[in-house]
Each structure stands twice: as C-alpha cells, then as structure tokens.
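*Asks:* After the structure tokens below, expect a handful of questions from me.
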Amino acid sequence: MSIIEGAIRFMHTGFNEHKELFNELKQTQNPHTLFIGCSDSRVVPTLITQTLPGELFVVRNMANIVPKYRLKDEFLATTSAIDYAIIALNVENIVVCGHSNCGGCEAIWHP
Ligand SMILES: [Zn+2]
C-alpha cells in the first residue's frame with residue numbers, strides 16, 4: 001500500500017475510529033510520557049507501547065541520542081523537545097528506547 005493510499009484509508013477508518021479523541025486533541029495535548037527513540041523504521045513508538053494519539057510526546061533521532069543540555073544559537077531539536085516536554089507539557093515519564101541491530105549504535109562503535 002502506498003503512503004497516499006494509507007492516508008486515505010486512515011481518513012476513512014482510523015480517524016473515524018478515534019474521532020472523539022481527535023476532536024479533543026485539536027485544542028491541546030497532554031501526553032503523559034516523553035518517548036525518545038531511534039529513527040529506525042522498525043521502531044514504532046505507539047505500536048510497541050500500544051498507546052493512542054495524545055499519550056506520547058515523541059522525539060526520534062539516529063540511535064536515540066540524548067545530548068547533554070547546552071545553550072546554543074544553532075538548532076537543537078532533541079534538546080528543545082526534551083525541554084518543551086518537561087517544562088511546557090509536564091510529562092510524568094521519560095523513556096529512552098534502544099533496540100537491537102541499531103545502525104546508529106553500530107556506527108558509533110565501529111565507524
Ligand atoms: Zn536505531
């Protein structure tokens with residue numbers, strides 16, 4: 001199935017299945033967990049945690065790296081997302097999820 005076909009299918013089935021939830025979420029979000037995971041296509045946070053839209057605030061990068069906190073003028077996507085999740089969203093949990101056969105971790109140890 002193509003991405004376009006999947007999006008159309010979602011509009012007709014998945015969206016309607018959770019229509020009330022999506023209506024609630026269009027005003028605000030209140031995720032309970034910050035999930036930091038790898039960009040690997042095999043790791044799907046909502047699938048492996050069986051959570052619904054609005055439950056996870058997700059940050060994904062290669063090898064689920066959490067950089068040390070620093071202030072810079074450059075774009076700090078992961079640091080900004082962590083800061084926002086903790087300060088603005090007040091998440092209750094932080095999960096850093098690694099996985100087996102991670103190409104990013106392999107590159108770190110065996111460049
Ligand atoms: Zn990985």
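Every chain in the structure tokens has a letter given in the order shown (A, B, ...), and although residue numbers restart at 1 in each chain, ligands are simply numbered from 1 in the order shown.
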Which residues of chain A come within 12 Å of ligand 1, and for each one, what is the closest pair of atoms and their distance in Å to one decimal, counting only C-alpha atoms and all ligand atoms, sorted by chain and residue number, as JSON lines?
*Replies:*
{"residue": "A:Ile36", "atom": "CA", "partner": "ligand 1", "partner_atom_place_in_ligand_line": "1 (Zn)", "distance": 11.2}
{"residue": "A:Gly37", "atom": "CA", "partner": "ligand 1", "partner_atom_place_in_ligand_line": "1 (Zn)", "distance": 7.8}
{"residue": "A:Cys38", "atom": "CA", "partner": "ligand 1", "partner_atom_place_in_ligand_line": "1 (Zn)", "distance": 4.6}
{"residue": "A:Ser39", "atom": "CA", "partner": "ligand 1", "partner_atom_place_in_ligand_line": "1 (Zn)", "distance": 6.2}
{"residue": "A:Asp40", "atom": "CA", "partner": "ligand 1", "partner_atom_place_in_ligand_line": "1 (Zn)", "distance": 4.9}
{"residue": "A:Ser41", "atom": "CA", "partner": "ligand 1", "partner_atom_place_in_ligand_line": "1 (Zn)", "distance": 8.5}
{"residue": "A:Arg42", "atom": "CA", "partner": "ligand 1", "partner_atom_place_in_ligand_line": "1 (Zn)", "distance": 8.6}
{"residue": "A:Val43", "atom": "CA", "partner": "ligand 1", "partner_atom_place_in_ligand_line": "1 (Zn)", "distance": 7.9}
{"residue": "A:Val44", "atom": "CA", "partner": "ligand 1", "partner_atom_place_in_ligand_line": "1 (Zn)", "distance": 11.3}
{"residue": "A:Arg60", "atom": "CA", "partner": "ligand 1", "partner_atom_place_in_ligand_line": "1 (Zn)", "distance": 9.5}
{"residue": "A:Asn61", "atom": "CA", "partner": "ligand 1", "partner_atom_place_in_ligand_line": "1 (Zn)", "distance": 8.2}
{"residue": "A:Met62", "atom": "CA", "partner": "ligand 1", "partner_atom_place_in_ligand_line": "1 (Zn)", "distance": 5.9}
{"residue": "A:Ala63", "atom": "CA", "partner": "ligand 1", "partner_atom_place_in_ligand_line": "1 (Zn)", "distance": 4.4}
{"residue": "A:Asn64", "atom": "CA", "partner": "ligand 1", "partner_atom_place_in_ligand_line": "1 (Zn)", "distance": 6.8}
{"residue": "A:Ile65", "atom": "CA", "partner": "ligand 1", "partner_atom_place_in_ligand_line": "1 (Zn)", "distance": 9.6}
{"residue": "A:Val96", "atom": "CA", "partner": "ligand 1", "partner_atom_place_in_ligand_line": "1 (Zn)", "distance": 11.7}
{"residue": "A:Cys97", "atom": "CA", "partner": "ligand 1", "partner_atom_place_in_ligand_line": "1 (Zn)", "distance": 9.3}
{"residue": "A:Gly98", "atom": "CA", "partner": "ligand 1", "partner_atom_place_in_ligand_line": "1 (Zn)", "distance": 6.7}
{"residue": "A:His99", "atom": "CA", "partner": "ligand 1", "partner_atom_place_in_ligand_line": "1 (Zn)", "distance": 6.1}
{"residue": "A:Ser100", "atom": "CA", "partner": "ligand 1", "partner_atom_place_in_ligand_line": "1 (Zn)", "distance": 7.5}
{"residue": "A:Asn101", "atom": "CA", "partner": "ligand 1", "partner_atom_place_in_ligand_line": "1 (Zn)", "distance": 7.0}
{"residue": "A:Cys102", "atom": "CA", "partner": "ligand 1", "partner_atom_place_in_ligand_line": "1 (Zn)", "distance": 3.6}
{"residue": "A:Gly103", "atom": "CA", "partner": "ligand 1", "partner_atom_place_in_ligand_line": "1 (Zn)", "distance": 5.4}
{"residue": "A:Gly104", "atom": "CA", "partner": "ligand 1", "partner_atom_place_in_ligand_line": "1 (Zn)", "distance": 5.3}
{"residue": "A:Cys105", "atom": "CA", "partner": "ligand 1", "partner_atom_place_in_ligand_line": "1 (Zn)", "distance": 6.6}
{"residue": "A:Glu106", "atom": "CA", "partner": "ligand 1", "partner_atom_place_in_ligand_line": "1 (Zn)", "distance": 8.7}
{"residue": "A:Ala107", "atom": "CA", "partner": "ligand 1", "partner_atom_place_in_ligand_line": "1 (Zn)", "distance": 10.1}
{"residue": "A:Ile108", "atom": "CA", "partner": "ligand 1", "partner_atom_place_in_ligand_line": "1 (Zn)", "distance": 11.0}
*Asks:* Please report, as a Markdown table, each residue of stretch 26-46 of chain A lying at most 7 Å from stretch 76-93 of chain A, together with the nearest pair of atoms and the separation in Å rounded to one decimal; use only C-alpha atoms, and order rows by chain and ascending residue number.
*Replies:*
| residue | atom | partner | partner_atom | distance |
| --- | --- | --- | --- | --- |
| A:Asn30 | CA | A:Leu89 | CA | 6.4 |
| A:Pro31 | CA | A:Val91 | CA | 6.3 |
| A:His32 | CA | A:Val91 | CA | 4.9 |
| A:Thr33 | CA | A:Asn93 | CA | 4.6 |
| A:Leu34 | CA | A:Asn93 | CA | 6.2 |
*Asks:* How would the residues just picked look written out with N, CA, C and O atoms as a PDB file, in the first residue's frame?
*Replies:*
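For reference, again08.pdb as written:
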ATOM      1  N   ASN A  30      -1.864  16.626  26.122  1.00  0.00           N
ATOM      2  CA  ASN A  30      -1.450  16.386  27.498  1.00  0.00           C
ATOM      3  C   ASN A  30      -0.801  15.002  27.607  1.00  0.00           C
ATOM      4  O   ASN A  30      -1.286  14.132  28.330  1.00  0.00           O
ATOM      5  N   PRO A  31       0.298  14.794  26.876  1.00  0.00           N
ATOM      6  CA  PRO A  31       0.922  13.471  26.893  1.00  0.00           C
ATOM      7  C   PRO A  31       1.512  13.160  28.263  1.00  0.00           C
ATOM      8  O   PRO A  31       2.033  14.034  28.939  1.00  0.00           O
ATOM      9  N   HIS A  32       1.416  11.892  28.657  1.00  0.00           N
ATOM     10  CA  HIS A  32       1.970  11.501  29.960  1.00  0.00           C
ATOM     11  C   HIS A  32       3.444  11.122  29.867  1.00  0.00           C
ATOM     12  O   HIS A  32       4.145  11.077  30.865  1.00  0.00           O
ATOM     13  N   THR A  33       3.927  10.855  28.634  1.00  0.00           N
ATOM     14  CA  THR A  33       5.285  10.320  28.507  1.00  0.00           C
ATOM     15  C   THR A  33       6.047  10.963  27.352  1.00  0.00           C
ATOM     16  O   THR A  33       5.509  11.130  26.261  1.00  0.00           O
ATOM     17  N   LEU A  34       7.297  11.313  27.645  1.00  0.00           N
ATOM     18  CA  LEU A  34       8.250  11.701  26.600  1.00  0.00           C
ATOM     19  C   LEU A  34       8.956  10.423  26.182  1.00  0.00           C
ATOM     20  O   LEU A  34       9.573   9.738  27.003  1.00  0.00           O
TER      21      LEU A  34
END
*Asks:* Go through A:Met1, A:Leu21, A:Val95, A:Ile8 and flag the residue nearest A:Phe57, using only C-alpha atoms for the distances.
*Replies:*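 The answer is A:Val95, which sits nearest to A:Phe57.
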*Asks:* Go through stretch 7-55 of chain A and collect every residue that DSSP, computed from the backbone, puts in strand (DSSP E); the answer should be as a count of residues only.
*Replies:* 6
*Asks:* Separation of atom CA of A:Leu25 and atom CA of A:Gly54, in Å?
*Replies:*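 Between atom CA of A:Leu25 and atom CA of A:Gly54 the gap is 6.7 Å.
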*Asks:* Which of these residues is nearest to A:Thr28, using only C-alpha atoms: A:Pro111, A:Lys72, A:Glu55, A:Gly14?
*Replies:*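 Residue with the minimum atom-to-atom distance to A:Thr28: A:Glu55.
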*Asks:* Could you please determine the separation between atom CA of A:Phe75 and atom CA of A:Ile48 in Å, to one decimal place?
*Replies:* 29.4 Å
*Asks:* Could you please write out, as JSON, numbers by chain, every residue of chain A that DSSP assigns to helix (DSSP H, G or I)?
*Replies:* {"A": [3, 4, 5, 6, 7, 8, 9, 10, 11, 12, 14, 15, 16, 17, 19, 20, 21, 22, 23, 24, 25, 45, 46, 47, 48, 49, 62, 63, 64, 77, 78, 79, 80, 81, 82, 83, 84, 85, 86, 87, 103, 104, 105, 106, 107, 108, 109]}
*Asks:* Counting only C-alpha atoms, figure out which residue out of A:Val59, A:His110, A:Val66, A:Pro53 gets nearest to A:Phe22.
*Replies:* A:Pro53
*Asks:* Please, what distance in Å, to one decimal, runs between atom CA of A:Pro45 and atom CA of A:Arg9?
*Replies:* 20.8 Å
*Asks:* Measuring between only C-alpha atoms, which one of A:Leu71, A:Leu56, A:Leu47, A:Ile4 shows the shortest distance to A:Phe35?
*Replies:*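 Between A:Leu71, A:Leu56, A:Leu47, A:Ile4, the residue approaching A:Phe35 most closely is A:Leu56.
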